[in-house]
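**Q** I'm passing along coords_38.cif; it holds mmCIF, C-alpha atoms.
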data_run
#
loop_
_atom_site.label_atom_id
_atom_site.label_comp_id
_atom_site.auth_asym_id
_atom_site.auth_seq_id
_atom_site.Cartn_x
_atom_site.Cartn_y
_atom_site.Cartn_z
CA MET Z 1 132.72 122.24 109.62
CA LYS Z 2 134.50 118.95 110.15
CA LYS Z 3 133.81 116.97 113.28
CA LYS Z 4 136.93 116.21 115.32
CA VAL Z 5 137.26 112.56 116.29
CA TYR Z 6 139.98 110.95 118.38
CA ILE Z 7 140.37 107.16 118.26
CA ASP Z 8 142.47 105.32 120.84
CA THR Z 9 144.02 102.34 119.02
CA ILE Z 10 145.06 100.30 122.08
CA ILE Z 11 143.17 97.20 120.88
CA PHE Z 12 145.70 96.71 118.08
CA ASP Z 13 148.36 96.23 120.78
CA LEU Z 14 146.23 93.69 122.61
CA GLN Z 15 144.98 91.48 119.77
CA LYS Z 16 146.70 89.85 116.81
CA ALA Z 17 143.26 89.38 115.31
CA GLY Z 18 139.75 89.20 116.71
CA GLY Z 19 136.34 90.79 116.57
CA ILE Z 20 137.12 94.04 118.40
CA SER Z 21 140.19 94.82 116.30
CA LEU Z 22 138.16 93.97 113.17
CA TYR Z 23 135.47 96.40 114.33
CA PHE Z 24 137.94 99.25 114.70
CA TYR Z 25 139.68 98.41 111.45
CA GLU Z 26 136.34 98.73 109.64
CA VAL Z 27 135.39 101.94 111.46
CA ILE Z 28 138.79 103.63 111.10
CA SER Z 29 139.01 102.72 107.39
CA ARG Z 30 135.73 104.62 106.90
CA PHE Z 31 136.83 107.59 108.98
CA LEU Z 32 139.90 107.86 106.75
CA ILE Z 33 137.80 108.56 103.65
CA ASP Z 34 134.99 110.53 105.28
CA ASN Z 35 135.29 114.17 104.21
CA ASN Z 36 133.38 115.34 107.28
CA ILE Z 37 135.81 113.86 109.80
CA ASP Z 38 139.00 115.37 111.17
CA LEU Z 39 140.61 112.21 112.53
CA THR Z 40 143.40 111.85 115.08
CA LEU Z 41 144.69 108.50 116.33
CA ILE Z 42 146.13 107.85 119.78
CA ASP Z 43 148.92 105.28 119.41
CA SER Z 44 151.29 103.56 121.83
CA GLY Z 45 154.21 103.67 119.40
CA ASP Z 46 154.76 99.93 119.83
CA CYS Z 47 155.22 97.56 116.90
CA LYS Z 48 151.81 96.03 116.20
CA ASN Z 49 151.33 92.45 115.01
CA ASN Z 50 147.61 92.80 114.43
CA ILE Z 51 146.61 91.58 110.95
CA PHE Z 52 144.18 94.48 110.40
CA TRP Z 53 146.47 97.31 111.52
CA SER Z 54 148.88 96.75 108.64
CA LYS Z 55 146.03 97.21 106.15
CA LEU Z 56 145.29 100.79 107.23
CA ASP Z 57 146.84 103.62 105.20
CA LEU Z 58 147.79 106.11 107.90
CA SER Z 59 150.26 108.15 105.87
CA ASN Z 60 148.16 111.33 105.98
CA ILE Z 61 146.65 111.01 109.45
CA LYS Z 62 147.59 112.87 112.61
CA ILE Z 63 148.90 110.40 115.18
CA ILE Z 64 149.65 111.21 118.82
CA THR Z 65 151.98 108.81 120.61
CA TYR Z 66 150.80 108.12 124.14
CA LYS Z 67 152.93 105.52 125.89
CA LYS Z 68 152.97 104.91 129.62
CA LYS Z 69 153.71 102.02 131.96
CA PHE Z 70 150.70 99.69 132.20
CA ASN Z 71 149.40 101.58 129.18
CA ARG Z 72 146.23 99.56 128.61
CA TYR Z 73 144.88 100.61 132.02
CA ARG Z 74 145.68 104.33 131.69
CA VAL Z 75 143.31 107.20 131.11
CA VAL Z 76 144.30 109.21 128.03
CA ASN Z 77 145.36 112.86 127.98
CA TYR Z 78 146.43 115.18 125.15
CA ILE Z 79 146.10 118.82 124.12
CA GLU Z 80 142.94 119.69 122.20
CA ASN Z 81 141.21 123.04 122.68
CA GLU Z 82 138.12 122.31 120.61
CA GLU Z 83 135.15 120.07 121.31
CA HIS Z 84 135.63 116.56 119.95
CA ILE Z 85 134.57 112.93 120.16
CA PHE Z 86 136.86 110.44 121.91
CA ILE Z 87 136.46 106.68 121.41
CA SER Z 88 138.76 104.14 122.98
CA SER Z 89 139.05 100.79 121.27
CA TYR Z 90 139.33 99.10 124.65
CA TYR Z 91 137.84 100.76 127.72
CA ARG Z 92 140.00 103.80 128.25
CA TYR Z 93 138.68 107.36 128.37
CA SER Z 94 139.94 110.87 127.77
CA ILE Z 95 140.36 113.40 130.58
CA ASN Z 96 140.54 116.27 128.12
CA LYS Z 97 137.84 118.74 129.22
CA ASN Z 98 136.65 119.22 125.61
CA ALA Z 99 136.12 115.49 124.95
CA THR Z 100 132.80 113.71 124.64
CA ASN Z 101 133.66 110.15 125.63
CA ILE Z 102 131.83 107.37 123.81
CA THR Z 103 132.40 103.81 125.01
CA ILE Z 104 131.64 100.87 122.74
CA VAL Z 105 130.73 97.78 124.74
CA HIS Z 106 131.41 94.55 122.86
CA ASP Z 107 130.76 91.85 125.42
CA PHE Z 108 130.88 90.75 129.04
CA THR Z 109 132.99 87.65 128.56
CA TYR Z 110 135.10 88.22 131.66
CA GLU Z 111 132.02 88.80 133.80
CA HIS Z 112 130.51 85.52 132.63
CA PHE Z 113 133.55 83.25 132.61
CA SER Z 114 136.41 84.67 134.73
CA LYS Z 115 137.01 84.81 138.45
CA GLY Z 116 139.32 86.41 140.99
CA LEU Z 117 141.87 89.07 140.09
CA LYS Z 118 141.39 88.65 136.34
CA LEU Z 119 137.68 89.39 136.63
CA PHE Z 120 138.23 92.25 139.07
CA VAL Z 121 140.78 94.07 136.88
CA HIS Z 122 138.87 93.76 133.62
CA HIS Z 123 135.48 94.60 135.09
CA LYS Z 124 136.85 97.56 137.03
CA GLN Z 125 138.42 99.08 133.92
CA LYS Z 126 135.25 98.58 131.89
CA ALA Z 127 133.02 99.99 134.62
CA ILE Z 128 135.20 103.10 135.06
CA ALA Z 129 135.21 103.76 131.30
CA ILE Z 130 131.41 103.44 131.18
CA LYS Z 131 130.99 105.72 134.20
CA ASN Z 132 133.13 108.43 132.59
CA SER Z 133 131.42 108.28 129.21
CA GLN Z 134 128.58 110.45 128.02
CA LYS Z 135 127.26 107.90 125.53
CA ILE Z 136 127.35 104.08 125.41
CA ILE Z 137 127.12 101.91 122.30
CA CYS Z 138 126.31 98.19 122.63
CA ILE Z 139 126.78 95.84 119.68
CA SER Z 140 123.63 93.80 120.37
CA GLU Z 141 120.52 93.86 122.53
CA ASN Z 142 122.01 90.99 124.54
CA THR Z 143 125.10 93.09 125.27
CA LYS Z 144 122.85 95.95 126.38
CA LYS Z 145 121.03 93.54 128.72
CA ASP Z 146 124.39 92.50 130.19
CA LEU Z 147 125.43 96.14 130.53
CA LEU Z 148 122.38 96.89 132.66
CA LYS Z 149 123.01 93.72 134.68
CA PHE Z 150 126.73 94.10 135.37
CA CYS Z 151 127.12 97.92 135.34
CA PRO Z 152 123.75 99.28 136.48
CA LYS Z 153 125.06 102.27 138.44
CA GLU Z 154 127.76 103.20 135.92
CA SER Z 155 125.30 103.19 133.00
CA GLU Z 156 122.52 104.97 134.87
CA GLU Z 157 121.17 108.02 133.01
CA LYS Z 158 123.55 107.40 130.10
CA GLU Z 159 122.45 107.47 126.50
CA ILE Z 160 122.63 103.79 125.45
CA VAL Z 161 122.34 102.86 121.78
CA VAL Z 162 122.45 99.44 120.11
CA ILE Z 163 124.43 99.42 116.86
CA TYR Z 164 125.03 95.97 115.41
CA ASN Z 165 128.38 94.96 113.98
CA GLY Z 166 128.71 94.48 110.26
CA ALA Z 167 130.13 91.81 108.00
CA SER Z 168 132.35 92.54 105.02
CA ASP Z 169 130.92 92.30 101.51
CA LYS Z 170 133.94 90.12 100.71
CA PHE Z 171 132.02 87.33 102.42
CA ARG Z 172 129.85 86.09 99.58
CA VAL Z 173 129.11 83.08 97.39
CA LEU Z 174 132.14 82.65 95.11
CA GLU Z 175 132.06 82.13 91.36
CA SER Z 176 133.56 78.83 90.11
CA GLU Z 177 136.70 80.43 88.66
CA GLU Z 178 137.47 82.13 91.97
CA PHE Z 179 138.03 78.79 93.69
CA ASN Z 180 140.87 77.95 91.31
CA GLU Z 181 142.49 81.35 91.80
CA ILE Z 182 142.51 80.97 95.58
CA GLU Z 183 143.76 77.36 95.40
CA ASN Z 184 146.63 78.38 93.11
CA LYS Z 185 147.80 80.88 95.74
CA ASN Z 186 147.21 78.50 98.67
CA GLN Z 187 148.14 75.00 97.57
CA TYR Z 188 147.57 73.50 101.03
CA LEU Z 189 143.82 73.96 100.52
CA LEU Z 190 143.91 71.10 98.03
CA GLU Z 191 144.74 68.75 100.93
CA ILE Z 192 141.34 69.35 102.54
CA LYS Z 193 138.97 66.50 101.80
CA GLU Z 194 135.31 67.23 101.16
CA PRO Z 195 132.75 67.16 102.64
CA PHE Z 196 134.04 68.89 105.76
CA VAL Z 197 132.73 70.62 108.87
CA LEU Z 198 134.45 73.89 109.78
CA PHE Z 199 135.43 75.30 113.17
CA VAL Z 200 136.84 78.85 113.30
CA GLY Z 201 138.67 80.65 116.10
CA ALA Z 202 139.79 79.90 119.63
CA ARG Z 203 139.18 76.35 120.85
CA SER Z 204 139.42 76.75 124.62
CA GLY Z 205 136.80 77.31 127.30
CA TYR Z 206 133.38 78.60 126.33
CA LYS Z 207 134.10 78.29 122.58
CA ASN Z 208 133.46 74.55 123.04
CA TRP Z 209 135.75 72.95 120.47
CA ILE Z 210 135.64 69.65 122.38
CA GLU Z 211 131.84 69.67 122.31
CA ALA Z 212 131.98 70.34 118.55
CA ILE Z 213 134.22 67.29 118.12
CA GLU Z 214 131.81 65.15 120.16
CA ILE Z 215 128.90 66.18 117.93
CA PHE Z 216 131.03 65.64 114.85
CA LYS Z 217 131.69 62.04 115.89
CA GLN Z 218 128.05 61.34 115.00
CA PHE Z 219 128.59 62.44 111.38
CA PRO Z 220 129.14 59.77 108.71
CA GLN Z 221 132.73 58.62 108.26
CA SER Z 222 132.92 60.38 104.89
CA TYR Z 223 132.85 63.77 106.64
CA ASN Z 224 136.02 65.56 107.74
CA PHE Z 225 136.75 68.28 110.29
CA VAL Z 226 138.78 71.45 109.71
CA SER Z 227 139.85 73.73 112.58
CA VAL Z 228 141.01 77.21 111.58
CA GLY Z 229 142.82 79.68 113.81
CA GLY Z 230 143.82 79.57 117.43
CA PRO Z 231 147.17 78.18 118.64
CA SER Z 232 148.68 74.95 117.37
CA LEU Z 233 146.95 71.81 118.60
CA LEU Z 234 147.79 70.83 122.17
CA ASP Z 235 148.87 67.27 122.99
CA GLU Z 236 145.57 66.53 124.74
CA GLU Z 237 143.66 67.79 121.69
CA LYS Z 238 145.69 65.50 119.43
CA ILE Z 239 144.87 62.57 121.71
CA LEU Z 240 141.16 63.39 121.49
CA LEU Z 241 141.34 63.57 117.69
CA SER Z 242 143.17 60.25 117.47
CA GLY Z 243 139.99 58.60 118.70
CA ILE Z 244 137.75 59.75 115.84
CA LYS Z 245 137.23 57.80 112.64
CA ASN Z 246 137.22 60.87 110.40
CA SER Z 247 140.16 63.01 109.32
CA HIS Z 248 141.01 66.33 110.94
CA ILE Z 249 143.09 69.23 109.63
CA TYR Z 250 144.33 72.19 111.65
CA ILE Z 251 145.05 75.41 109.75
CA PRO Z 252 146.74 78.41 111.45
CA PRO Z 253 145.00 81.83 111.23
CA VAL Z 254 144.20 82.67 107.60
CA ASP Z 255 143.49 85.82 105.65
CA GLU Z 256 139.99 86.89 104.66
CA GLU Z 257 140.19 85.43 101.15
CA VAL Z 258 140.98 81.92 102.39
CA LEU Z 259 138.27 82.14 105.06
CA VAL Z 260 135.70 83.04 102.39
CA TYR Z 261 136.89 80.01 100.39
CA LEU Z 262 136.49 77.70 103.40
CA TYR Z 263 133.01 78.99 104.20
CA ASN Z 264 131.99 78.38 100.58
CA LYS Z 265 133.34 74.83 100.62
CA ALA Z 266 132.23 73.73 104.11
CA VAL Z 267 129.08 71.76 104.80
CA CYS Z 268 128.60 73.93 107.86
CA LEU Z 269 130.31 76.09 110.43
CA MET Z 270 130.21 74.48 113.88
CA TYR Z 271 129.94 77.47 116.22
CA LEU Z 272 129.00 76.26 119.69
CA SER Z 273 130.13 79.25 121.72
CA ASN Z 274 128.29 79.69 125.02
CA TYR Z 275 128.52 83.45 124.74
CA GLU Z 276 128.96 86.09 122.03
CA GLY Z 277 128.69 89.86 122.14
CA PHE Z 278 127.61 89.66 118.51
CA GLY Z 279 128.84 86.56 116.65
CA ILE Z 280 130.51 87.84 113.48
CA PRO Z 281 131.51 84.35 112.16
CA VAL Z 282 127.84 83.31 112.09
CA VAL Z 283 126.98 86.19 109.77
CA GLU Z 284 130.11 85.80 107.64
CA ALA Z 285 129.45 82.10 107.09
CA GLN Z 286 125.83 82.63 106.09
CA LYS Z 287 126.78 85.35 103.60
CA CYS Z 288 128.92 82.67 101.91
CA GLY Z 289 126.00 80.23 101.75
CA CYS Z 290 127.42 78.15 104.59
CA HIS Z 291 125.03 76.62 107.12
CA VAL Z 292 125.76 77.22 110.80
CA ILE Z 293 125.23 74.94 113.78
CA ALA Z 294 125.07 77.03 116.95
CA LYS Z 295 123.53 77.27 120.40
CA PRO Z 296 120.47 79.43 121.09
CA VAL Z 297 122.35 81.55 123.61
CA SER Z 298 123.37 85.20 124.16
CA SER Z 299 123.30 87.23 120.93
CA ILE Z 300 123.25 84.28 118.50
CA PRO Z 301 119.44 84.22 118.03
CA GLU Z 302 119.61 87.95 117.19
CA VAL Z 303 122.04 87.51 114.30
CA ALA Z 304 121.23 83.99 113.05
CA GLY Z 305 119.38 83.71 109.76
CA GLU Z 306 117.44 80.79 108.31
CA GLY Z 307 120.70 79.00 107.51
CA THR Z 308 121.40 78.47 111.22
CA LEU Z 309 120.44 75.34 113.13
CA LEU Z 310 120.07 76.28 116.79
CA LEU Z 311 120.76 73.10 118.72
CA GLU Z 312 118.11 71.72 121.01
CA ASP Z 313 118.35 68.58 123.13
CA ASP Z 314 116.09 66.57 120.83
CA ILE Z 315 117.90 67.28 117.54
CA SER Z 316 119.31 64.05 116.11
CA ILE Z 317 122.12 63.61 113.60
CA GLU Z 318 119.50 62.59 111.02
CA LYS Z 319 117.61 65.88 111.49
CA THR Z 320 120.91 67.76 111.42
CA LEU Z 321 122.03 66.24 108.11
CA THR Z 322 118.59 66.85 106.59
CA PHE Z 323 118.79 70.51 107.61
CA LEU Z 324 122.31 70.86 106.17
CA SER Z 325 121.22 69.39 102.83
CA LYS Z 326 118.72 72.18 102.22
CA GLU Z 327 119.80 75.33 100.41
CA PHE Z 328 118.91 78.70 101.89
CA ASN Z 329 118.88 82.28 100.65
CA TYR Z 330 120.55 84.68 103.04
CA THR Z 331 119.21 88.22 103.06
CA PRO Z 332 121.98 90.63 104.15
CA ILE Z 333 121.00 92.52 107.28
CA PHE Z 334 124.31 93.57 108.79
CA SER Z 335 126.92 95.68 107.03
CA TRP Z 336 129.85 97.83 108.16
CA ASP Z 337 128.51 100.77 106.14
CA LYS Z 338 125.23 100.60 108.07
CA CYS Z 339 127.16 100.26 111.33
CA TYR Z 340 129.27 103.30 110.47
CA LYS Z 341 126.32 105.51 109.52
CA GLU Z 342 124.53 104.66 112.75
CA LEU Z 343 127.71 105.47 114.67
CA ILE Z 344 127.82 108.88 112.99
CA ASN Z 345 124.24 109.50 114.12
CA VAL Z 346 125.38 109.02 117.71
CA PHE Z 347 128.00 111.71 117.11
CA GLY Z 348 125.25 114.16 116.36
CA GLY Z 349 124.63 113.23 112.75
CA TYR Z 350 125.52 114.57 109.34
CA ILE Z 351 125.37 113.38 105.77
CA CYS Z 352 128.16 110.82 105.43
CA THR Z 353 130.30 111.62 102.37
CA ARG Z 354 132.48 108.77 101.16
#
Starting from the coordinates I provided, produce the structure as structure tokens.

**A**
Amino acid sequence: MKKKVYIDTIIFDLQKAGGISLYFYEVISRFLIDNNIDLTLIDSGDCKNNIFWSKLDLSNIKIITYKKKFNRYRVVNYIENEEHIFISSYYRYSINKNATNITIVHDFTYEHFSKGLKLFVHHKQKAIAIKNSQKIICISENTKKDLLKFCPKESEEKEIVVIYNGASDKFRVLESEEFNEIENKNQYLLEIKEPFVLFVGARSGYKNWIEAIEIFKQFPQSYNFVSVGGPSLLDEEKILLSGIKNSHIYIPPVDEEVLVYLYNKAVCLMYLSNYEGFGIPVVEAQKCGCHVIAKPVSSIPEVAGEGTLLLEDDISIEKTLTFLSKEFNYTPIFSWDKCYKELINVFGGYICTR
């Protein structure tokens, strides 16, 4: 008998890209081809600009449109007379009496870095979803530690399971001919001067782009800096960059193929985030043979392999460059298939047929 699963897709309304929407893209894409799953999606009916949503083939899937004012903060209701699993992609829960609510906790960014009304609203929604769930999944041990710190009463007597995120097999060391193929489709890549240091994602706040630039200033003049993703450079960021001797290139958000190319070409990924629920870019970069410079904070030590330099106060630029010159062999630990199978076990388990 197939297991009924309802997925609330609200995250695809909230993010154009990002780790949580990537997570649910990977999970939903596996549900779609799992012969043991009877899948229904809860959708707002709004036009979605998320880069992963458009990749899902939903032509043969049951979709329920659930659209209300202040939709992201609403509980979800629908008609279903049989027992089923309900998972919200962003801290909502089902009030259907036959639903087993499972909440996936990705991080506690707001609790660590926000204040006032913004913190209150986001934490309240998260706490209520956790309280009304029968099972909780955390994406790292560090996230579980934060769960018990910030939501101790709501998570009390809940089944809490740690299931690590995955990283796509598309992130790999490229063959020589593949570089030419990607460059032919993306001519602007030829403007990037090697060697270069790579920064990926949002640049503001705890992601520490400015700190990455300050460290980069110690690199030899022959090195260049490439920032990928996030909004266009702000005037104050351009002023900061005008004071460095090396060249800098900003590239708007790119598709997976180009990101794999950049990881393969880069000397290292500079990833100085003060907090990560998991840290997908760290794993993706290492799978491509790209070194990573990161901080020994939150979940990073859990996911970092031997290709990661965890910054300490006494690490000099000479030690850094020596580390980056050494090759490393990355042993894959995290995969979306493994993540999916462990998720199925939380459902009650069965032999996954794909």

**Q** Report the residues retrieved by the PyMOL selection byres ((chain Z and resi 235-239) around 10) from the displayed file, expressed as a count of residues only.

**A** 12

**Q** Name the residues within 9 Å of (119.9, 80.8, 104.4), counting all atoms listed in the file in the file's coordinates, and put them as a PDB file with C-alpha atoms, in the frame of the given file.

**A**
ATOM      1  CA  GLN Z 286     125.830  82.630 106.090  1.00  0.00           C
ATOM      2  CA  LYS Z 287     126.780  85.350 103.600  1.00  0.00           C
ATOM      3  CA  GLY Z 289     126.000  80.230 101.750  1.00  0.00           C
ATOM      4  CA  CYS Z 290     127.420  78.150 104.590  1.00  0.00           C
ATOM      5  CA  HIS Z 291     125.030  76.620 107.120  1.00  0.00           C
ATOM      6  CA  GLY Z 305     119.380  83.710 109.760  1.00  0.00           C
ATOM      7  CA  GLU Z 306     117.440  80.790 108.310  1.00  0.00           C
ATOM      8  CA  GLY Z 307     120.700  79.000 107.510  1.00  0.00           C
ATOM      9  CA  THR Z 308     121.400  78.470 111.220  1.00  0.00           C
ATOM     10  CA  LYS Z 326     118.720  72.180 102.220  1.00  0.00           C
ATOM     11  CA  GLU Z 327     119.800  75.330 100.410  1.00  0.00           C
ATOM     12  CA  PHE Z 328     118.910  78.700 101.890  1.00  0.00           C
ATOM     13  CA  ASN Z 329     118.880  82.280 100.650  1.00  0.00           C
ATOM     14  CA  TYR Z 330     120.550  84.680 103.040  1.00  0.00           C
ATOM     15  CA  THR Z 331     119.210  88.220 103.060  1.00  0.00           C
TER      16      THR Z 331
END

**Q** Quick one: residues within 9 Å of segment 249-264 of chain Z, all atoms listed in the file counted, chain neighbours fewer than 6 positions away excluded, as a VMD selection string?

**A** chain Z and resid 17 51 170 to 174 178 to 179 182 to 183 186 189 191 to 192 198 200 to 201 224 to 233 284 to 291

**Q** Using C-alpha atoms, can you write the selected residues to a file as an mmCIF file, keeping the file's coordinate frame?

**A**
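Here's the written file again-v2.cif:
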data_model
loop_
_atom_site.group_PDB
_atom_site.id
_atom_site.type_symbol
_atom_site.label_atom_id
_atom_site.label_comp_id
_atom_site.auth_asym_id
_atom_site.auth_seq_id
_atom_site.Cartn_x
_atom_site.Cartn_y
_atom_site.Cartn_z
ATOM 1 C CA ALA Z 17 143.260 89.380 115.310
ATOM 2 C CA ILE Z 51 146.610 91.580 110.950
ATOM 3 C CA LYS Z 170 133.940 90.120 100.710
ATOM 4 C CA PHE Z 171 132.020 87.330 102.420
ATOM 5 C CA ARG Z 172 129.850 86.090 99.580
ATOM 6 C CA VAL Z 173 129.110 83.080 97.390
ATOM 7 C CA LEU Z 174 132.140 82.650 95.110
ATOM 8 C CA GLU Z 178 137.470 82.130 91.970
ATOM 9 C CA PHE Z 179 138.030 78.790 93.690
ATOM 10 C CA ILE Z 182 142.510 80.970 95.580
ATOM 11 C CA GLU Z 183 143.760 77.360 95.400
ATOM 12 C CA ASN Z 186 147.210 78.500 98.670
ATOM 13 C CA LEU Z 189 143.820 73.960 100.520
ATOM 14 C CA GLU Z 191 144.740 68.750 100.930
ATOM 15 C CA ILE Z 192 141.340 69.350 102.540
ATOM 16 C CA LEU Z 198 134.450 73.890 109.780
ATOM 17 C CA VAL Z 200 136.840 78.850 113.300
ATOM 18 C CA GLY Z 201 138.670 80.650 116.100
ATOM 19 C CA ASN Z 224 136.020 65.560 107.740
ATOM 20 C CA PHE Z 225 136.750 68.280 110.290
ATOM 21 C CA VAL Z 226 138.780 71.450 109.710
ATOM 22 C CA SER Z 227 139.850 73.730 112.580
ATOM 23 C CA VAL Z 228 141.010 77.210 111.580
ATOM 24 C CA GLY Z 229 142.820 79.680 113.810
ATOM 25 C CA GLY Z 230 143.820 79.570 117.430
ATOM 26 C CA PRO Z 231 147.170 78.180 118.640
ATOM 27 C CA SER Z 232 148.680 74.950 117.370
ATOM 28 C CA LEU Z 233 146.950 71.810 118.600
ATOM 29 C CA GLU Z 284 130.110 85.800 107.640
ATOM 30 C CA ALA Z 285 129.450 82.100 107.090
ATOM 31 C CA GLN Z 286 125.830 82.630 106.090
ATOM 32 C CA LYS Z 287 126.780 85.350 103.600
ATOM 33 C CA CYS Z 288 128.920 82.670 101.910
ATOM 34 C CA GLY Z 289 126.000 80.230 101.750
ATOM 35 C CA CYS Z 290 127.420 78.150 104.590
ATOM 36 C CA HIS Z 291 125.030 76.620 107.120
#

**Q** For atom CA of Leu324 of chain Z and atom CA of Gly279 of chain Z, quote the distance in Å rounded to one decimal.

**A**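 Atom CA of Leu324 of chain Z sits 20.0 Å away from atom CA of Gly279 of chain Z.
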
**Q** Hey, which of Z:Ala167, Z:Val283, Z:Asp314, Z:Leu41 ends up closest to Pro301 of chain Z? Count only C-alpha atoms.

**A** Z:Val283

**Q** Could you write out as a list in words the residues that the PyMOL selection byres ((chain Z and resi 122) around 10) matches in the shown file?

**A** Tyr73, Tyr91, Phe108, Thr109, Tyr110, Glu111, Ser114, Leu117, Lys118, Leu119, Phe120, Val121, His123, Lys124, Gln125, Lys126 and Ala127 of chain Z

**Q** Go through Z:Ile280, Z:Ala266, Z:Leu272, Z:Ile139 one by one, measure the shortest atom-to-atom distance of each to Gly205 of chain Z using only C-alpha atoms, and give the residue with the smallest value.

**A**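 Among Z:Ile280, Z:Ala266, Z:Leu272, Z:Ile139, it is Z:Leu272 that comes nearest to Gly205 of chain Z.
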
**Q** I need the output of the PyMOL selection byres ((chain Z and resi 58-62) around 8) for this file as a list in words; which residues are they?

**A**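 For this structure, the PyMOL selection byres ((chain Z and resi 58-62) around 8) resolves to Leu32, Leu39, Thr40, Leu41, Leu56, Asp57, Ile63 and Ile64 of chain Z.
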
**Q** So how many Å separate atom CA of Tyr164 of chain Z and atom CA of Asp337 of chain Z, to one decimal?

**A** 11.0 Å

**Q** Which residues are near Val76 of chain Z? Cut-off 7 Å, all atoms listed in the file, ignore same chain within fewer than 6 positions. Put them as a PDB file with C-alpha atoms, in the frame of the given file.

**A**
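Listed below is the output, part.pdb:
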ATOM      1  CA  ARG Z  92     140.000 103.800 128.250  1.00  0.00           C
ATOM      2  CA  TYR Z  93     138.680 107.360 128.370  1.00  0.00           C
ATOM      3  CA  SER Z  94     139.940 110.870 127.770  1.00  0.00           C
ATOM      4  CA  ILE Z  95     140.360 113.400 130.580  1.00  0.00           C
TER       5      ILE Z  95
END

**Q** Identify which of the residues Z:Phe12, Z:Ile293, Z:Ile160, Z:Ile104 lies closest to Phe216 of chain Z, counting only C-alpha atoms when measuring atom-to-atom distances.

**A**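 Closest candidate: Z:Ile293.
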
**Q** Name the closest residue to Ile87 of chain Z among the candidates Z:Tyr6, Z:Phe278, Z:Tyr340, Z:Phe31; distances are taken between atoms, counting all atoms listed in the file.

**A** Z:Tyr6

**Q** Neighbours of Gly19 of chain Z within 10 Å (only C-alpha atoms; same-chain residues fewer than 2 positions away dropped), as a PyMOL selection string?

**A** chain Z and resi 15+17+21-25+106+165+277-281

**Q** I need the residue nearest Gly166 of chain Z from this list: Z:Asn96, Z:Gln187, Z:Ser140, Z:Thr322. Use all atoms listed in the file for the distance.

**A**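 With all atoms listed in the file as the atom set, the closest residue is Z:Ser140.
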
**Q** Between Z:Gly116, Z:Cys268, Z:Ser273, Z:Ile137, which has the minimum distance to Ser204 of chain Z (counting all atoms listed in the file)?

**A**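 Among the listed residues, the smallest separation from Ser204 of chain Z belongs to Z:Ser273.
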
**Q** Kindly give the distance, in Å, that separates atom CA of Asn345 of chain Z and atom CA of Leu14 of chain Z, rounded to a single decimal.

**A**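 Between atom CA of Asn345 of chain Z and atom CA of Leu14 of chain Z the gap works out to 28.4 Å.
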